[in-house]
$ cat structure21.txt   # compact mmCIF, C-alpha atoms and all ligand atoms
# COMPACT_ATOMS: atom_id res chain seq x y z
CA MET O 26 0.00 0.00 0.00
CA ARG O 27 2.95 2.31 0.19
CA ASN O 28 5.43 3.72 -2.23
CA VAL O 29 8.61 2.57 -0.63
CA TRP O 30 12.08 3.76 -1.52
CA SER O 31 14.82 1.90 0.14
CA VAL O 32 17.67 4.33 -0.01
CA SER O 33 21.15 3.38 0.98
CA GLU O 34 23.39 6.34 1.35
CA HIS O 35 27.08 6.05 0.79
CA CYS O 36 28.83 9.21 1.76
CA THR O 37 32.42 9.93 0.95
CA GLY O 38 32.05 13.43 2.33
CA THR O 39 29.64 16.35 2.35
CA ASN O 40 29.07 20.06 2.24
CA GLY O 41 32.09 21.89 1.01
CA THR O 42 34.53 19.72 2.89
CA GLY O 43 36.42 19.04 -0.28
CA PHE O 44 35.28 15.45 -0.51
CA LEU O 45 32.88 13.96 -2.98
CA TRP O 46 29.35 13.03 -2.08
CA GLU O 47 27.62 10.07 -3.58
CA ARG O 48 24.30 8.49 -3.05
CA HIS O 49 23.37 5.02 -4.21
CA MET O 50 19.70 4.30 -4.53
CA THR O 51 18.25 0.83 -4.62
CA GLY O 52 14.74 2.01 -5.41
CA GLU O 53 11.92 -0.41 -4.98
CA GLU O 54 8.33 0.63 -5.46
CA ASN O 55 5.49 -1.45 -4.09
CA ASP O 56 3.24 -2.61 -6.95
CA ALA O 57 0.11 -2.56 -4.84
CA ALA O 58 -2.30 0.29 -5.58
CA PRO O 59 -1.63 3.40 -3.49
CA VAL O 60 -4.22 4.50 -0.93
CA PRO O 61 -7.26 5.83 -2.86
CA GLY O 62 -7.21 9.62 -2.83
CA LEU O 63 -3.46 9.76 -2.47
CA THR O 64 -3.03 8.53 -6.04
CA ASP O 65 -4.03 11.87 -7.54
CA ILE O 66 -1.76 13.84 -5.23
CA TRP O 67 1.10 11.50 -6.00
CA GLU O 68 0.55 11.73 -9.78
CA GLU O 69 0.18 15.51 -9.55
CA GLN O 70 3.41 15.82 -7.60
CA LYS O 71 5.26 13.64 -10.08
CA GLY O 72 3.87 15.81 -12.89
CA MET O 73 5.00 19.00 -11.15
CA ILE O 74 8.48 17.61 -10.69
CA ASN O 75 8.65 16.63 -14.38
CA GLU O 76 7.56 20.14 -15.38
CA ARG O 77 10.22 21.78 -13.26
CA TYR O 78 13.18 23.47 -14.88
CA LEU O 79 16.53 22.44 -13.51
CA THR O 80 18.58 25.59 -13.01
CA PHE O 81 22.39 25.76 -13.29
CA ALA O 82 24.56 28.57 -11.93
CA LEU O 83 27.94 28.51 -13.66
CA ALA O 84 31.02 30.48 -12.60
CA LYS O 85 31.66 32.94 -15.44
CA GLY O 86 34.69 32.44 -17.64
CA ARG O 87 36.75 29.34 -18.28
CA LEU O 88 34.81 27.09 -15.89
CA ALA O 89 31.46 27.93 -17.50
CA ASN O 90 32.91 27.51 -21.00
CA LYS O 91 34.38 24.11 -20.16
CA THR O 92 31.15 22.97 -18.49
CA LEU O 93 29.05 24.02 -21.49
CA GLU O 94 31.50 22.21 -23.77
CA LEU O 95 30.98 19.00 -21.78
CA PHE O 96 27.21 19.46 -21.92
CA GLU O 97 27.38 19.99 -25.65
CA HIS O 98 29.15 16.66 -26.05
CA MET O 99 26.30 15.10 -24.07
CA GLY O 100 23.81 16.61 -26.50
CA ILE O 101 22.70 19.37 -24.12
CA THR O 102 23.03 22.63 -25.99
CA CYS O 103 21.94 26.15 -25.30
CA GLU O 104 22.08 28.09 -28.55
CA GLU O 105 21.07 31.40 -26.91
CA MET O 106 24.25 31.36 -24.85
CA LYS O 107 26.50 31.27 -27.90
CA ASP O 108 25.48 34.78 -28.95
CA LYS O 109 28.41 36.82 -27.62
CA LYS O 110 26.51 40.12 -27.97
CA THR O 111 23.52 39.07 -25.90
CA ARG O 112 22.76 40.97 -22.69
CA LYS O 113 20.45 38.24 -21.45
CA LEU O 114 21.30 36.77 -18.08
CA ILE O 115 19.30 33.54 -18.15
CA PHE O 116 19.41 30.99 -20.97
CA VAL O 117 16.92 28.23 -21.49
CA ASN O 118 16.91 24.83 -23.14
CA GLN O 119 13.16 24.27 -23.40
CA GLU O 120 13.36 20.78 -24.78
CA ARG O 121 15.37 19.45 -21.82
CA LYS O 122 13.78 21.84 -19.32
CA LEU O 123 17.13 23.25 -18.31
CA ARG O 124 18.02 26.82 -17.44
CA PHE O 125 21.53 28.30 -17.14
CA PHE O 126 22.91 31.51 -15.77
CA LEU O 127 26.41 32.85 -15.34
CA ALA O 128 27.46 34.29 -12.00
CA LYS O 129 30.59 35.50 -10.25
CA GLY O 130 32.40 32.44 -8.86
CA PRO O 131 31.92 33.26 -5.15
CA ASP O 132 28.17 33.82 -5.73
CA VAL O 133 27.59 30.35 -7.21
CA PRO O 134 27.44 28.50 -3.84
CA THR O 135 25.10 31.22 -2.54
CA TYR O 136 22.62 30.71 -5.41
CA VAL O 137 22.77 26.96 -4.85
CA GLU O 138 22.37 27.09 -1.06
CA TYR O 139 19.25 29.27 -1.34
CA GLY O 140 17.79 27.09 -4.11
CA ALA O 141 17.86 29.85 -6.74
CA ALA O 142 19.95 27.34 -8.68
CA ASP O 143 19.63 23.57 -8.27
CA ILE O 144 23.14 22.89 -9.50
CA GLY O 145 26.30 24.98 -9.56
CA VAL O 146 29.76 24.74 -11.05
CA ALA O 147 32.56 26.61 -9.32
CA GLY O 148 36.17 26.13 -8.26
CA SER O 149 36.82 24.16 -5.09
CA ASP O 150 38.62 27.27 -3.76
CA THR O 151 35.38 29.23 -3.85
CA ILE O 152 33.30 26.36 -2.49
CA LEU O 153 35.64 25.90 0.47
CA GLU O 154 35.90 29.61 1.14
CA GLU O 155 32.14 30.16 1.06
CA ASN O 156 31.40 27.03 3.11
CA ARG O 157 27.74 26.91 2.10
CA ASN O 158 25.21 24.19 2.82
CA VAL O 159 25.47 22.36 -0.51
CA TYR O 160 26.38 18.85 -1.65
CA GLU O 161 29.55 18.52 -3.63
CA VAL O 162 28.79 15.75 -6.11
CA LEU O 163 31.45 15.74 -8.78
CA ASP O 164 35.06 16.70 -9.43
CA LEU O 165 34.93 17.89 -13.03
CA GLY O 166 38.67 17.44 -13.43
CA PHE O 167 39.34 20.76 -15.15
CA GLY O 168 40.36 24.16 -13.77
CA LYS O 169 43.18 22.41 -11.96
CA CYS O 170 45.48 24.62 -9.92
CA ARG O 171 46.88 24.85 -6.37
CA MET O 172 46.19 26.95 -3.31
CA CYS O 173 49.60 27.90 -1.95
CA VAL O 174 51.40 30.02 0.59
CA CYS O 175 53.69 32.24 -1.48
CA GLY O 176 56.20 34.96 -0.79
CA PRO O 177 59.85 35.91 -1.15
CA GLU O 178 62.43 33.24 -0.30
CA SER O 179 63.24 35.20 2.89
CA ALA O 180 59.79 34.40 4.29
CA ARG O 181 60.44 30.64 4.31
CA GLU O 182 62.22 30.90 7.65
CA LEU O 183 59.36 32.86 9.20
CA LEU O 184 57.00 30.02 8.26
CA GLN O 185 59.37 27.36 9.58
CA HIS O 186 59.71 29.15 12.94
CA HIS O 187 55.97 29.72 13.26
CA GLU O 188 56.50 33.45 13.56
CA ARG O 189 53.49 35.72 13.95
CA ILE O 190 53.33 37.05 10.39
CA ARG O 191 50.83 38.88 8.20
CA VAL O 192 49.11 36.85 5.49
CA ALA O 193 47.23 38.59 2.67
CA SER O 194 44.58 36.62 0.81
CA LYS O 195 41.36 36.67 -1.20
CA TYR O 196 40.57 33.50 0.76
CA PRO O 197 40.70 34.44 4.46
CA ASN O 198 38.75 31.35 5.59
CA ILE O 199 41.03 28.94 3.74
CA ALA O 200 44.10 30.83 5.01
CA LYS O 201 42.77 30.77 8.58
CA ASP O 202 41.96 27.07 8.42
CA TYR O 203 45.45 26.29 7.09
CA PHE O 204 47.43 28.35 9.59
CA TYR O 205 45.28 27.83 12.67
CA ASN O 206 43.98 24.28 12.27
CA LYS O 207 46.66 22.56 10.21
CA LYS O 208 49.86 24.42 11.10
CA HIS O 209 48.84 25.68 14.54
CA GLN O 210 50.54 28.98 13.74
CA THR O 211 49.06 32.28 14.91
CA VAL O 212 49.03 34.80 12.08
CA ASP O 213 47.25 38.02 11.15
CA ILE O 214 45.09 37.56 8.08
CA ILE O 215 44.43 40.52 5.79
CA LYS O 216 41.62 40.22 3.24
CA LEU O 217 42.36 41.51 -0.25
CA ASN O 218 40.15 41.41 -3.33
CA GLY O 219 42.72 40.85 -6.08
CA SER O 220 46.32 41.29 -7.22
CA VAL O 221 47.24 39.64 -3.93
CA GLU O 222 50.88 39.28 -5.00
CA LEU O 223 51.23 42.99 -4.21
CA GLY O 224 51.04 42.15 -0.49
CA PRO O 225 54.69 41.17 0.07
CA LEU O 226 55.91 43.51 -2.69
CA VAL O 227 54.67 46.67 -0.99
CA GLY O 228 55.14 45.52 2.61
CA LEU O 229 51.52 44.83 3.47
CA SER O 230 52.22 41.22 4.42
CA GLU O 231 55.08 38.74 4.68
CA VAL O 232 53.28 36.06 2.62
CA ILE O 233 50.08 35.46 0.66
CA VAL O 234 47.69 32.54 0.34
CA ASP O 235 46.60 32.43 -3.28
CA ILE O 236 45.92 30.35 -6.37
CA VAL O 237 48.89 29.25 -8.44
CA GLU O 238 48.16 27.96 -11.90
CA THR O 239 51.07 28.43 -14.31
CA GLY O 240 53.24 30.18 -11.70
CA SER O 241 54.02 33.04 -14.07
CA THR O 242 52.51 35.79 -11.88
CA LEU O 243 54.76 34.70 -9.01
CA LYS O 244 57.82 34.41 -11.24
CA GLU O 245 57.35 37.83 -12.80
CA ASN O 246 57.14 39.37 -9.34
CA GLY O 247 60.06 37.55 -7.73
CA LEU O 248 57.89 35.41 -5.47
CA GLN O 249 57.69 31.68 -5.00
CA VAL O 250 55.59 28.87 -3.67
CA LEU O 251 56.66 28.28 -0.05
CA GLU O 252 54.03 25.74 1.01
CA GLU O 253 51.14 23.98 -0.71
CA VAL O 254 47.77 24.26 1.00
CA ARG O 255 45.70 22.02 -1.33
CA PRO O 256 45.05 21.11 -4.95
CA LEU O 257 41.99 22.70 -6.58
CA SER O 258 39.64 21.94 -9.47
CA ALA O 259 36.14 22.67 -10.73
CA ARG O 260 33.36 20.98 -8.77
CA MET O 261 29.66 20.44 -9.27
CA ILE O 262 27.49 21.29 -6.28
CA VAL O 263 23.80 20.60 -5.67
CA ASN O 264 21.15 22.10 -3.43
CA PRO O 265 20.16 19.45 -0.82
CA VAL O 266 16.41 19.87 -1.43
CA SER O 267 16.86 19.67 -5.22
CA MET O 268 18.79 16.48 -4.65
CA GLN O 269 15.69 14.97 -3.03
CA MET O 270 13.16 16.39 -5.48
CA ASP O 271 15.01 15.79 -8.72
CA ARG O 272 17.42 13.02 -7.83
CA GLU O 273 16.85 11.04 -11.05
CA ARG O 274 17.51 13.94 -13.41
CA ILE O 275 20.50 15.08 -11.37
CA ARG O 276 21.86 11.55 -11.25
CA GLU O 277 21.51 11.27 -15.04
CA ILE O 278 23.46 14.49 -15.50
CA VAL O 279 26.23 13.39 -13.13
CA VAL O 280 26.47 9.97 -14.80
CA GLY O 281 26.53 11.61 -18.25
CA LEU O 282 29.26 14.01 -17.21
CA ARG O 283 31.34 11.21 -15.70
CA ARG O 284 31.00 9.22 -18.93
CA GLU O 285 31.99 12.24 -21.00
CA MET O 286 34.99 12.97 -18.77
CA ALA O 287 36.13 9.32 -19.00
CA ALA O 288 35.82 9.43 -22.81
CA ASN O 289 37.95 12.58 -22.94
CA ASN O 290 40.75 11.11 -20.83
C1 LIG C 1 44.79 34.53 -10.12
C2 LIG C 1 45.54 34.33 -8.83
C3 LIG C 1 46.95 34.69 -9.22
C4 LIG C 1 47.03 34.23 -10.66
C5 LIG C 1 47.75 32.91 -10.72
O1 LIG C 1 44.50 35.87 -10.25
O2 LIG C 1 45.01 35.12 -7.80
O3 LIG C 1 47.16 36.07 -9.11
O4 LIG C 1 45.68 34.08 -11.13
O5 LIG C 1 47.86 32.44 -12.05
P1 LIG C 1 49.27 32.01 -12.64
O6 LIG C 1 49.90 31.09 -11.67
O7 LIG C 1 48.89 31.31 -13.93
O8 LIG C 1 50.08 33.24 -12.91
P2 LIG C 1 43.41 36.41 -11.25
O9 LIG C 1 43.93 36.35 -12.65
O10 LIG C 1 42.13 35.69 -11.03
O11 LIG C 1 43.26 37.93 -10.88
P3 LIG C 1 43.36 38.69 -9.48
O12 LIG C 1 44.79 38.77 -9.15
O13 LIG C 1 42.78 40.03 -9.71
O14 LIG C 1 42.60 37.91 -8.48
$ encode --input "structure21.txt" --output "structure tokens" --more "lines below"
Ligand code: PRP
Amino acid sequence: MRNVWSVSEHCTGTNGTGFLWERHMTGEENDAAPVPGLTDIWEEQKGMINERYLTFALAKGRLANKTLELFEHMGITCEEMKDKKTRKLIFVNQERKLRFFLAKGPDVPTYVEYGAADIGVAGSDTILEENRNVYEVLDLGFGKCRMCVCGPESARELLQHHERIRVASKYPNIAKDYFYNKKHQTVDIIKLNGSVELGPLVGLSEVIVDIVETGSTLKENGLQVLEEVRPLSARMIVNPVSMQMDRERIREIVVGLRREMAANN
């Protein structure tokens, strides 16, 4: 008489902790007729869910372009988005009932936490820094770089001796977690919004915590990687309620992306 879903959850990590989250469903629906009267509600709810648009918030720039490329290989296209001159902010694929918008990286987890987007794609740096209530479901394998402590060679000793130093960063939460929780070193953290490498160059800080990709910004400014905090890459995140409501469609997308990524490697 009931619609039963036996759900076994297999967690390898949750909510912005940097681990991947997976859920394995062994769905089993009872064939017996549902309670009379509940049938209509059940059918109506299923209909509403099918009608729903799945909304994606993508971090503007390379991450969004790479994500859309992957989707295109999966047969999910959004022609509207290809028009470079468009001023539109939201793009729709009516056939697949998908909606996309581009946002500033740090805003992506915010849209996803509040349910304004069901799914988001952003760098793991942003996801960790924002620490929002979202599920991290997939490492997309691109946008690879490193979060590092950088500075002039002379600062290496200050780090080794756990001196009380100033650390400039666009990522104060990641910097704090690294120095306080991992290194047990008391430091003063100074939040900057960009061109962080200036910190040690103009005497604002002894070191910085920042993203290193090719290393050319450091090299051109006479700085170097002194310690590695963690590797980074693009991640897919999902709103926890959307995960419940639209688990099949979300699962299909994750499986499709995994398949596409495997084919590309
Ligand atoms: C990022 C990062 C470094 C640079 C690293 O800055 O903060 O400055 O890229 O890349 P590289 O190792 O390939 O040189 P971004 O370009 O985002 O600009 P910003 O400095 O204004 O934050």
$ residues_near_ligand --input "structure21.txt" --ligand "ligand LIG 1 (chain C)" --cutoff "7 Å" --atoms "all atoms listed in the file" --output "JSON, numbers by chain"
{"O": [218, 219, 220, 221, 222, 235, 236, 237, 238, 239, 240, 241, 242, 243]}
$ write_last_selection --input "structure21.txt" --atoms "C-alpha atoms" --output "tab-separated table (two decimals), in the coordinates of the input"
chain	number	residue	atom	x	y	z
O	218	ASN	CA	40.15	41.41	-3.33
O	219	GLY	CA	42.72	40.85	-6.08
O	220	SER	CA	46.32	41.29	-7.22
O	221	VAL	CA	47.24	39.64	-3.93
O	222	GLU	CA	50.88	39.28	-5.00
O	235	ASP	CA	46.60	32.43	-3.28
O	236	ILE	CA	45.92	30.35	-6.37
O	237	VAL	CA	48.89	29.25	-8.44
O	238	GLU	CA	48.16	27.96	-11.90
O	239	THR	CA	51.07	28.43	-14.31
O	240	GLY	CA	53.24	30.18	-11.70
O	241	SER	CA	54.02	33.04	-14.07
O	242	THR	CA	52.51	35.79	-11.88
O	243	LEU	CA	54.76	34.70	-9.01
$ residues_near_point --input "structure21.txt" --point "(22.9, 12.1, -21.8)" --cutoff "7 Å" --atoms "all atoms listed in the file" --output "VMD selection string"
chain O and resid 99 to 100 277 to 278 281
$ residues_around --input "structure21.txt" --residues "segment 132-145 of chain O" --least-positions-apart "5" --cutoff "6 Å" --atoms "only C-alpha atoms" --output "ChimeraX atom specification"
/O:80-83,158-159,261-264,267
$ atom_distance --input "structure21.txt" --atom1 "atom CA of Gly176 of chain O" --atom2 "atom CA of Val232 of chain O"
4.6 Å
$ atom_distance --input "structure21.txt" --atom1 "atom CA of Phe116 of chain O" --atom2 "atom CA of Asn290 of chain O"
29.2 Å
$ atom_distance --input "structure21.txt" --atom1 "atom CA of Gly168 of chain O" --atom2 "atom CA of Arg87 of chain O"
7.8 Å
$ residues_around --input "structure21.txt" --residues "Val280 of chain O" --least-positions-apart "4" --cutoff "12 Å" --atoms "all atoms listed in the file" --output "list in words"
Glu47, Phe96, Met99, Val162, Leu163, Leu165, Arg272, Glu273, Arg274, Ile275, Arg276, Arg284, Glu285, Met286 and Ala287 of chain O
$ closest_residue --input "structure21.txt" --among "O:Arg181, O:Glu94, O:Glu161, O:Pro265" --to "Val279 of chain O" --atoms "all atoms listed in the file"
O:Glu161
$ closest_residue --input "structure21.txt" --among "O:Val117, O:Ile214, O:Leu248, O:Leu223" --to "Ala180 of chain O" --atoms "all atoms listed in the file"
O:Leu248
$ residues_around --input "structure21.txt" --residues "Thr211 of chain O" --least-positions-apart "3" --cutoff "8 Å" --atoms "all atoms listed in the file" --output "PDB file with C-alpha atoms, keeping the file's coordinate frame"
ATOM      1  CA  HIS O 187      55.970  29.720  13.260  1.00  0.00           C
ATOM      2  CA  GLU O 188      56.500  33.450  13.560  1.00  0.00           C
ATOM      3  CA  ARG O 189      53.490  35.720  13.950  1.00  0.00           C
ATOM      4  CA  ILE O 190      53.330  37.050  10.390  1.00  0.00           C
ATOM      5  CA  PHE O 204      47.430  28.350   9.590  1.00  0.00           C
ATOM      6  CA  TYR O 205      45.280  27.830  12.670  1.00  0.00           C
TER       7      TYR O 205
END
$ axis_aligned_box --input "structure21.txt" --around "segment 140-151 of chain O" --padding-each-side "8 Å" --output "AutoDock Vina command-line options"
--center_x 28.2 --center_y 26.4 --center_z -7.4 --size_x 36.8 --size_y 23.0 --size_z 23.3
$ residues_around --input "structure21.txt" --residues "Gln119 of chain O" --least-positions-apart "5" --cutoff "10 Å" --atoms "only C-alpha atoms" --output "short mmCIF file (atom, residue, chain, number, x, y, z; two decimals) with C-alpha atoms, in the coordinates of the input"
data_model
loop_
_atom_site.label_atom_id
_atom_site.label_comp_id
_atom_site.auth_asym_id
_atom_site.auth_seq_id
_atom_site.Cartn_x
_atom_site.Cartn_y
_atom_site.Cartn_z
CA TYR O 78 13.18 23.47 -14.88
CA CYS O 103 21.94 26.15 -25.30
CA ARG O 124 18.02 26.82 -17.44
#
$ decode --input "structure21.txt" --residues "segment 262-285 of chain O" --atoms "N, CA and C atoms" --output "mmCIF file, in the first residue's frame"
data_model
loop_
_atom_site.group_PDB
_atom_site.id
_atom_site.type_symbol
_atom_site.label_atom_id
_atom_site.label_comp_id
_atom_site.auth_asym_id
_atom_site.auth_seq_id
_atom_site.Cartn_x
_atom_site.Cartn_y
_atom_site.Cartn_z
ATOM 1 N N ILE O 262 28.173 21.296 -7.579
ATOM 2 C CA ILE O 262 27.494 21.293 -6.280
ATOM 3 C C ILE O 262 25.979 21.284 -6.506
ATOM 4 N N VAL O 263 25.251 20.746 -5.519
ATOM 5 C CA VAL O 263 23.801 20.599 -5.667
ATOM 6 C C VAL O 263 23.106 21.056 -4.390
ATOM 7 N N ASN O 264 21.973 21.703 -4.569
ATOM 8 C CA ASN O 264 21.151 22.100 -3.425
ATOM 9 C C ASN O 264 20.559 20.826 -2.792
ATOM 10 N N PRO O 265 20.619 20.683 -1.456
ATOM 11 C CA PRO O 265 20.162 19.447 -0.819
ATOM 12 C C PRO O 265 18.686 19.122 -1.092
ATOM 13 N N VAL O 266 17.832 20.135 -1.171
ATOM 14 C CA VAL O 266 16.408 19.869 -1.427
ATOM 15 C C VAL O 266 16.222 19.416 -2.877
ATOM 16 N N SER O 267 16.939 20.070 -3.806
ATOM 17 C CA SER O 267 16.855 19.674 -5.217
ATOM 18 C C SER O 267 17.296 18.221 -5.369
ATOM 19 N N MET O 268 18.275 17.839 -4.570
ATOM 20 C CA MET O 268 18.788 16.476 -4.648
ATOM 21 C C MET O 268 17.681 15.474 -4.327
ATOM 22 N N GLN O 269 16.807 15.845 -3.387
ATOM 23 C CA GLN O 269 15.688 14.972 -3.033
ATOM 24 C C GLN O 269 14.616 15.008 -4.118
ATOM 25 N N MET O 270 14.289 16.224 -4.571
ATOM 26 C CA MET O 270 13.157 16.395 -5.484
ATOM 27 C C MET O 270 13.445 15.906 -6.893
ATOM 28 N N ASP O 271 14.665 16.052 -7.317
ATOM 29 C CA ASP O 271 15.007 15.787 -8.719
ATOM 30 C C ASP O 271 16.154 14.815 -8.845
ATOM 31 N N ARG O 272 16.219 13.871 -7.901
ATOM 32 C CA ARG O 272 17.420 13.022 -7.833
ATOM 33 C C ARG O 272 17.695 12.269 -9.132
ATOM 34 N N GLU O 273 16.617 11.817 -9.833
ATOM 35 C CA GLU O 273 16.848 11.039 -11.054
ATOM 36 C C GLU O 273 17.502 11.878 -12.147
ATOM 37 N N ARG O 274 16.958 13.081 -12.356
ATOM 38 C CA ARG O 274 17.514 13.942 -13.406
ATOM 39 C C ARG O 274 18.940 14.368 -13.058
ATOM 40 N N ILE O 275 19.156 14.660 -11.785
ATOM 41 C CA ILE O 275 20.495 15.082 -11.366
ATOM 42 C C ILE O 275 21.480 13.919 -11.517
ATOM 43 N N ARG O 276 21.002 12.734 -11.129
ATOM 44 C CA ARG O 276 21.858 11.550 -11.254
ATOM 45 C C ARG O 276 22.240 11.312 -12.718
ATOM 46 N N GLU O 277 21.251 11.455 -13.603
ATOM 47 C CA GLU O 277 21.515 11.266 -15.042
ATOM 48 C C GLU O 277 22.586 12.237 -15.536
ATOM 49 N N ILE O 278 22.480 13.481 -15.077
ATOM 50 C CA ILE O 278 23.462 14.490 -15.505
ATOM 51 C C ILE O 278 24.855 14.136 -14.984
ATOM 52 N N VAL O 279 24.924 13.740 -13.714
ATOM 53 C CA VAL O 279 26.229 13.392 -13.128
ATOM 54 C C VAL O 279 26.826 12.180 -13.849
ATOM 55 N N VAL O 280 25.990 11.178 -14.107
ATOM 56 C CA VAL O 280 26.472 9.972 -14.796
ATOM 57 C C VAL O 280 26.948 10.341 -16.204
ATOM 58 N N GLY O 281 26.163 11.172 -16.894
ATOM 59 C CA GLY O 281 26.531 11.609 -18.254
ATOM 60 C C GLY O 281 27.845 12.366 -18.257
ATOM 61 N N LEU O 282 28.021 13.237 -17.281
ATOM 62 C CA LEU O 282 29.264 14.014 -17.209
ATOM 63 C C LEU O 282 30.459 13.106 -16.928
ATOM 64 N N ARG O 283 30.250 12.147 -16.020
ATOM 65 C CA ARG O 283 31.341 11.207 -15.701
ATOM 66 C C ARG O 283 31.757 10.445 -16.952
ATOM 67 N N ARG O 284 30.734 9.985 -17.709
ATOM 68 C CA ARG O 284 30.997 9.221 -18.927
ATOM 69 C C ARG O 284 31.781 10.082 -19.920
ATOM 70 N N GLU O 285 31.351 11.318 -20.065
ATOM 71 C CA GLU O 285 31.992 12.239 -21.001
ATOM 72 C C GLU O 285 33.441 12.502 -20.590
#
